[in-house]
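J.: mmCIF, N, CA and C atoms, saved as data.cif, coming up:
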```
data_target
loop_
_atom_site.group_PDB
_atom_site.id
_atom_site.type_symbol
_atom_site.label_atom_id
_atom_site.label_comp_id
_atom_site.auth_asym_id
_atom_site.auth_seq_id
_atom_site.Cartn_x
_atom_site.Cartn_y
_atom_site.Cartn_z
ATOM 1 N N MET A 1 47.006 53.254 -167.662
ATOM 2 C CA MET A 1 46.386 53.708 -166.431
ATOM 3 C C MET A 1 46.514 52.650 -165.334
ATOM 4 N N GLU A 2 46.229 51.407 -165.722
ATOM 5 C CA GLU A 2 46.290 50.323 -164.747
ATOM 6 C C GLU A 2 47.718 50.078 -164.281
ATOM 7 N N SER A 3 48.667 50.245 -165.151
ATOM 8 C CA SER A 3 50.069 50.038 -164.779
ATOM 9 C C SER A 3 50.523 51.107 -163.789
ATOM 10 N N LYS A 4 50.000 52.340 -163.908
ATOM 11 C CA LYS A 4 50.341 53.380 -162.949
ATOM 12 C C LYS A 4 49.798 53.048 -161.567
ATOM 13 N N MET A 5 48.567 52.506 -161.518
ATOM 14 C CA MET A 5 47.972 52.126 -160.229
ATOM 15 C C MET A 5 48.766 50.983 -159.591
ATOM 16 N N ASP A 6 49.146 50.012 -160.393
ATOM 17 C CA ASP A 6 49.944 48.906 -159.864
ATOM 18 C C ASP A 6 51.288 49.403 -159.378
ATOM 19 N N ASP A 7 51.885 50.320 -160.131
ATOM 20 C CA ASP A 7 53.175 50.890 -159.749
ATOM 21 C C ASP A 7 53.043 51.661 -158.434
ATOM 22 N N MET A 8 51.945 52.427 -158.284
ATOM 23 C CA MET A 8 51.729 53.194 -157.049
ATOM 24 C C MET A 8 51.497 52.249 -155.874
ATOM 25 N N ASN A 9 50.744 51.166 -156.092
ATOM 26 C CA ASN A 9 50.513 50.198 -155.019
ATOM 27 C C ASN A 9 51.808 49.504 -154.627
ATOM 28 N N ASN A 10 52.655 49.220 -155.588
ATOM 29 C CA ASN A 10 53.925 48.571 -155.292
ATOM 30 C C ASN A 10 54.849 49.485 -154.507
ATOM 31 N N LYS A 11 54.828 50.762 -154.818
ATOM 32 C CA LYS A 11 55.689 51.708 -154.111
ATOM 33 C C LYS A 11 55.120 52.044 -152.742
ATOM 34 N N GLY A 12 53.858 51.790 -152.518
ATOM 35 C CA GLY A 12 53.273 52.047 -151.199
ATOM 36 C C GLY A 12 53.073 53.521 -150.959
ATOM 37 N N MET A 13 52.222 54.111 -151.750
ATOM 38 C CA MET A 13 51.884 55.530 -151.625
ATOM 39 C C MET A 13 53.132 56.400 -151.702
ATOM 40 N N PHE A 14 53.739 56.372 -152.871
ATOM 41 C CA PHE A 14 54.878 57.233 -153.191
ATOM 42 C C PHE A 14 56.091 56.964 -152.295
ATOM 43 N N GLY A 15 56.308 55.710 -151.959
ATOM 44 C CA GLY A 15 57.489 55.357 -151.186
ATOM 45 C C GLY A 15 57.356 55.597 -149.697
ATOM 46 N N LEU A 16 56.139 55.783 -149.224
ATOM 47 C CA LEU A 16 55.923 56.050 -147.798
ATOM 48 C C LEU A 16 56.376 54.870 -146.939
ATOM 49 N N GLU A 17 56.084 53.664 -147.416
ATOM 50 C CA GLU A 17 56.483 52.482 -146.642
ATOM 51 C C GLU A 17 57.999 52.408 -146.495
ATOM 52 N N GLU A 18 58.700 52.686 -147.567
ATOM 53 C CA GLU A 18 60.159 52.630 -147.506
ATOM 54 C C GLU A 18 60.707 53.709 -146.573
ATOM 55 N N LYS A 19 60.140 54.903 -146.668
ATOM 56 C CA LYS A 19 60.591 55.989 -145.795
ATOM 57 C C LYS A 19 60.367 55.640 -144.327
ATOM 58 N N LEU A 20 59.170 55.116 -144.024
ATOM 59 C CA LEU A 20 58.874 54.763 -142.634
ATOM 60 C C LEU A 20 59.766 53.634 -142.137
ATOM 61 N N SER A 21 59.976 52.628 -142.971
ATOM 62 C CA SER A 21 60.813 51.504 -142.524
ATOM 63 C C SER A 21 62.260 51.934 -142.320
ATOM 64 N N SER A 22 62.720 52.933 -143.076
ATOM 65 C CA SER A 22 64.089 53.396 -142.869
ATOM 66 C C SER A 22 64.196 54.292 -141.632
ATOM 67 N N MET A 23 63.120 55.000 -141.295
ATOM 68 C CA MET A 23 63.143 55.910 -140.142
ATOM 69 C C MET A 23 62.861 55.195 -138.825
ATOM 70 N N LEU A 24 61.976 54.212 -138.861
ATOM 71 C CA LEU A 24 61.573 53.527 -137.631
ATOM 72 C C LEU A 24 62.323 52.218 -137.494
ATOM 73 N N LYS A 25 62.885 52.023 -136.355
ATOM 74 C CA LYS A 25 63.601 50.780 -136.090
ATOM 75 C C LYS A 25 62.683 49.866 -135.278
ATOM 76 N N PRO A 26 62.581 48.588 -135.655
ATOM 77 C CA PRO A 26 61.702 47.680 -134.912
ATOM 78 C C PRO A 26 62.205 47.460 -133.482
ATOM 79 N N VAL A 27 61.274 47.309 -132.587
ATOM 80 C CA VAL A 27 61.593 47.102 -131.174
ATOM 81 C C VAL A 27 61.210 45.678 -130.809
ATOM 82 N N MET A 28 62.111 44.974 -130.191
ATOM 83 C CA MET A 28 61.822 43.617 -129.727
ATOM 84 C C MET A 28 61.394 43.682 -128.265
ATOM 85 N N PRO A 29 60.164 43.262 -127.955
ATOM 86 C CA PRO A 29 59.694 43.323 -126.576
ATOM 87 C C PRO A 29 60.393 42.278 -125.714
ATOM 88 N N ASN A 30 60.371 42.533 -124.419
ATOM 89 C CA ASN A 30 60.965 41.626 -123.445
ATOM 90 C C ASN A 30 60.182 40.303 -123.471
ATOM 91 N N PRO A 31 60.850 39.163 -123.697
ATOM 92 C CA PRO A 31 60.127 37.881 -123.779
ATOM 93 C C PRO A 31 59.418 37.512 -122.477
ATOM 94 N N VAL A 32 59.986 37.898 -121.343
ATOM 95 C CA VAL A 32 59.341 37.596 -120.055
ATOM 96 C C VAL A 32 58.023 38.352 -119.960
ATOM 97 N N PHE A 33 58.046 39.628 -120.363
ATOM 98 C CA PHE A 33 56.829 40.431 -120.362
ATOM 99 C C PHE A 33 55.791 39.835 -121.304
ATOM 100 N N MET A 34 56.218 39.414 -122.479
ATOM 101 C CA MET A 34 55.295 38.838 -123.461
ATOM 102 C C MET A 34 54.667 37.551 -122.934
ATOM 103 N N ASN A 35 55.464 36.699 -122.268
ATOM 104 C CA ASN A 35 54.918 35.460 -121.711
ATOM 105 C C ASN A 35 53.923 35.755 -120.592
ATOM 106 N N ASN A 36 54.251 36.736 -119.727
ATOM 107 C CA ASN A 36 53.317 37.099 -118.656
ATOM 108 C C ASN A 36 52.023 37.659 -119.227
ATOM 109 N N LEU A 37 52.140 38.486 -120.242
ATOM 110 C CA LEU A 37 50.955 39.069 -120.876
ATOM 111 C C LEU A 37 50.106 37.985 -121.517
ATOM 112 N N LYS A 38 50.744 37.063 -122.200
ATOM 113 C CA LYS A 38 50.019 35.960 -122.835
ATOM 114 C C LYS A 38 49.281 35.136 -121.791
ATOM 115 N N THR A 39 49.954 34.842 -120.678
ATOM 116 C CA THR A 39 49.332 34.046 -119.626
ATOM 117 C C THR A 39 48.122 34.773 -119.043
ATOM 118 N N ARG A 40 48.272 36.079 -118.795
ATOM 119 C CA ARG A 40 47.161 36.840 -118.219
ATOM 120 C C ARG A 40 45.986 36.969 -119.182
ATOM 121 N N LEU A 41 46.262 37.036 -120.483
ATOM 122 C CA LEU A 41 45.186 37.168 -121.462
ATOM 123 C C LEU A 41 44.465 35.849 -121.706
ATOM 124 N N VAL A 42 45.200 34.743 -121.635
ATOM 125 C CA VAL A 42 44.609 33.443 -121.926
ATOM 126 C C VAL A 42 43.913 32.861 -120.700
ATOM 127 N N LYS A 43 44.511 33.031 -119.543
ATOM 128 C CA LYS A 43 43.985 32.433 -118.313
ATOM 129 C C LYS A 43 42.737 33.180 -117.843
ATOM 130 N N THR A 44 41.730 32.429 -117.447
ATOM 131 C CA THR A 44 40.510 33.035 -116.920
ATOM 132 C C THR A 44 40.804 33.576 -115.524
ATOM 133 N N PRO A 45 40.515 34.851 -115.299
ATOM 134 C CA PRO A 45 40.813 35.408 -113.981
ATOM 135 C C PRO A 45 39.877 34.861 -112.908
ATOM 136 N N ALA A 46 40.409 34.722 -111.724
ATOM 137 C CA ALA A 46 39.593 34.287 -110.589
ATOM 138 C C ALA A 46 38.836 35.500 -110.074
ATOM 139 N N ILE A 47 37.530 35.369 -110.033
ATOM 140 C CA ILE A 47 36.692 36.479 -109.591
ATOM 141 C C ILE A 47 36.154 36.137 -108.205
ATOM 142 N N LEU A 48 36.478 36.972 -107.273
ATOM 143 C CA LEU A 48 35.988 36.787 -105.907
ATOM 144 C C LEU A 48 34.967 37.872 -105.609
ATOM 145 N N ILE A 49 33.813 37.456 -105.156
ATOM 146 C CA ILE A 49 32.774 38.410 -104.804
ATOM 147 C C ILE A 49 32.685 38.451 -103.288
ATOM 148 N N GLU A 50 32.975 39.618 -102.760
ATOM 149 C CA GLU A 50 32.927 39.773 -101.318
ATOM 150 C C GLU A 50 31.498 40.080 -100.894
ATOM 151 N N LYS A 51 31.108 39.488 -99.803
ATOM 152 C CA LYS A 51 29.773 39.758 -99.286
ATOM 153 C C LYS A 51 29.786 41.108 -98.595
ATOM 154 N N SER A 52 28.724 41.822 -98.800
ATOM 155 C CA SER A 52 28.640 43.165 -98.249
ATOM 156 C C SER A 52 28.343 43.113 -96.752
ATOM 157 N N LYS A 53 29.131 43.860 -95.984
ATOM 158 C CA LYS A 53 28.881 43.971 -94.548
ATOM 159 C C LYS A 53 27.751 44.952 -94.294
ATOM 160 N N ARG A 54 27.488 45.795 -95.252
ATOM 161 C CA ARG A 54 26.436 46.787 -95.108
ATOM 162 C C ARG A 54 25.066 46.115 -95.000
ATOM 163 N N ARG A 55 24.861 45.077 -95.807
ATOM 164 C CA ARG A 55 23.588 44.360 -95.769
ATOM 165 C C ARG A 55 23.360 43.740 -94.393
ATOM 166 N N MET A 56 24.428 43.202 -93.826
ATOM 167 C CA MET A 56 24.320 42.586 -92.501
ATOM 168 C C MET A 56 23.991 43.650 -91.456
ATOM 169 N N GLY A 57 24.587 44.816 -91.564
ATOM 170 C CA GLY A 57 24.307 45.901 -90.618
ATOM 171 C C GLY A 57 22.870 46.363 -90.698
ATOM 172 N N ILE A 58 22.352 46.488 -91.902
ATOM 173 C CA ILE A 58 20.952 46.893 -92.074
ATOM 174 C C ILE A 58 20.029 45.837 -91.492
ATOM 175 N N MET A 59 20.378 44.573 -91.680
ATOM 176 C CA MET A 59 19.550 43.500 -91.125
ATOM 177 C C MET A 59 19.570 43.536 -89.595
ATOM 178 N N VAL A 60 20.714 43.782 -88.985
ATOM 179 C CA VAL A 60 20.809 43.854 -87.520
ATOM 180 C C VAL A 60 19.973 45.016 -86.997
ATOM 181 N N VAL A 61 20.048 46.170 -87.666
ATOM 182 C CA VAL A 61 19.253 47.323 -87.241
ATOM 183 C C VAL A 61 17.771 47.017 -87.392
ATOM 184 N N GLY A 62 17.376 46.371 -88.478
ATOM 185 C CA GLY A 62 15.970 46.010 -88.699
ATOM 186 C C GLY A 62 15.453 45.063 -87.633
ATOM 187 N N VAL A 63 16.250 44.044 -87.302
ATOM 188 C CA VAL A 63 15.849 43.089 -86.263
ATOM 189 C C VAL A 63 15.752 43.801 -84.914
ATOM 190 N N GLY A 64 16.677 44.723 -84.648
ATOM 191 C CA GLY A 64 16.636 45.477 -83.386
ATOM 192 C C GLY A 64 15.389 46.346 -83.294
ATOM 193 N N LEU A 65 15.052 47.015 -84.379
ATOM 194 C CA LEU A 65 13.832 47.830 -84.384
ATOM 195 C C LEU A 65 12.582 46.966 -84.206
ATOM 196 N N PHE A 66 12.549 45.826 -84.878
ATOM 197 C CA PHE A 66 11.407 44.933 -84.737
ATOM 198 C C PHE A 66 11.292 44.406 -83.302
ATOM 199 N N ALA A 67 12.424 44.019 -82.719
ATOM 200 C CA ALA A 67 12.402 43.510 -81.339
ATOM 201 C C ALA A 67 11.972 44.614 -80.376
ATOM 202 N N GLY A 68 12.424 45.843 -80.587
ATOM 203 C CA GLY A 68 12.015 46.960 -79.730
ATOM 204 C C GLY A 68 10.534 47.243 -79.853
ATOM 205 N N ALA A 69 10.000 47.254 -81.062
ATOM 206 C CA ALA A 69 8.568 47.485 -81.272
ATOM 207 C C ALA A 69 7.753 46.362 -80.652
ATOM 208 N N LEU A 70 8.244 45.129 -80.792
ATOM 209 C CA LEU A 70 7.541 43.988 -80.188
ATOM 210 C C LEU A 70 7.545 44.098 -78.665
ATOM 211 N N ALA A 71 8.668 44.515 -78.090
ATOM 212 C CA ALA A 71 8.752 44.675 -76.633
ATOM 213 C C ALA A 71 7.798 45.764 -76.160
ATOM 214 N N VAL A 72 7.737 46.888 -76.851
ATOM 215 C CA VAL A 72 6.817 47.974 -76.472
ATOM 216 C C VAL A 72 5.369 47.499 -76.574
ATOM 217 N N TRP A 73 5.052 46.782 -77.622
ATOM 218 C CA TRP A 73 3.696 46.282 -77.806
ATOM 219 C C TRP A 73 3.330 45.284 -76.706
ATOM 220 N N LEU A 74 4.256 44.365 -76.380
ATOM 221 C CA LEU A 74 3.982 43.385 -75.317
ATOM 222 C C LEU A 74 3.820 44.076 -73.964
ATOM 223 N N ILE A 75 4.636 45.052 -73.662
ATOM 224 C CA ILE A 75 4.542 45.772 -72.376
ATOM 225 C C ILE A 75 3.217 46.509 -72.286
ATOM 226 N N SER A 76 2.794 47.125 -73.396
ATOM 227 C CA SER A 76 1.498 47.837 -73.363
ATOM 228 C C SER A 76 0.346 46.870 -73.192
ATOM 229 N N LYS A 77 0.424 45.684 -73.764
ATOM 230 C CA LYS A 77 -0.628 44.654 -73.594
ATOM 231 C C LYS A 77 -0.643 44.136 -72.157
ATOM 232 N N LEU A 78 0.539 43.950 -71.562
ATOM 233 C CA LEU A 78 0.613 43.428 -70.184
ATOM 234 C C LEU A 78 0.085 44.457 -69.185
ATOM 235 N N LYS A 79 0.267 45.746 -69.441
ATOM 236 C CA LYS A 79 -0.218 46.783 -68.532
ATOM 237 C C LYS A 79 -1.738 46.869 -68.563
ATOM 238 N N LYS A 80 -2.363 46.539 -69.683
ATOM 239 C CA LYS A 80 -3.817 46.590 -69.800
ATOM 240 C C LYS A 80 -4.474 45.424 -69.047
ATOM 241 N N ILE A 81 -3.764 44.369 -68.796
ATOM 242 C CA ILE A 81 -4.337 43.205 -68.128
ATOM 243 C C ILE A 81 -4.440 43.422 -66.670
#
```
Starting from the file, give its structure as structure tokens.
T.:
Amino acid sequence: MESKMDDMNNKGMFGLEEKLSSMLKPVMPNPVFMNNLKTRLVKTPAILIEKSKRRMGIMVVGVGLFAGALAVWLISKLKKI
């Protein structure tokens, strides 16, 4: 029984490995591509975080609203005097 299992393991599931190796031809990748891929995988990428212009716009609108409210309040106080 054990010899049959060893024989099956050696043949690689009824010769499947041999059949596949005879049908499939190995492909050699382009060395330039492989070197570029290796460099990109090993090298830490530079991460740039752009500051949002939206935040600045909201701040400008907020300051404008505050300045307008302050101006209205000051004008109403000056008219009462």
J.: Could you pull out the alpha helix (DSSP H) residues of segment 9-50 of chain A, going by DSSP on the backbone, and write them as a list in words?
T.: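 Filtering segment 9-50 of chain A to alpha helix (DSSP H) leaves Asn9, Asn10, Lys11, Gly12, Met13, Phe14, Gly15, Leu16, Glu17, Glu18, Lys19, Leu20, Ser21, Ser22, Met23, Pro31, Val32, Phe33, Met34, Asn35, Asn36, Leu37, Lys38, Thr39, Arg40, Leu41 and Val42 of chain A.
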J.: Return the padded bounding box of segment 69-79 of chain A as lines of an AutoDock Vina configuration file: axis-aligned, built from all atoms listed in the file, 8 Å added on each side, with centre and edge lengths in Å to one decimal.
T.:
```
center_x = 4.1
center_y = 45.7
center_z = -74.9
size_x = 27.7
size_y = 20.6
size_z = 28.7
```
J.: For atom N of Arg40 of chain A and atom C of Met28 of chain A, determine how far apart the two atoms are, in Å to one decimal place.
T.: 17.9 Å
J.: Between atom CA of Val27 of chain A and atom CA of Leu41 of chain A, what is the distance in Å, rounded to a tenth?
T.: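 Between these atoms lies a distance of 21.5 Å.
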J.: Just the number, please: distance in Å from atom CA of Trp73 of chain A to atom N of Val61 of chain A, one decimal.
T.: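 According to the coordinates, atom CA of Trp73 of chain A and atom N of Val61 of chain A are separated by 19.1 Å.
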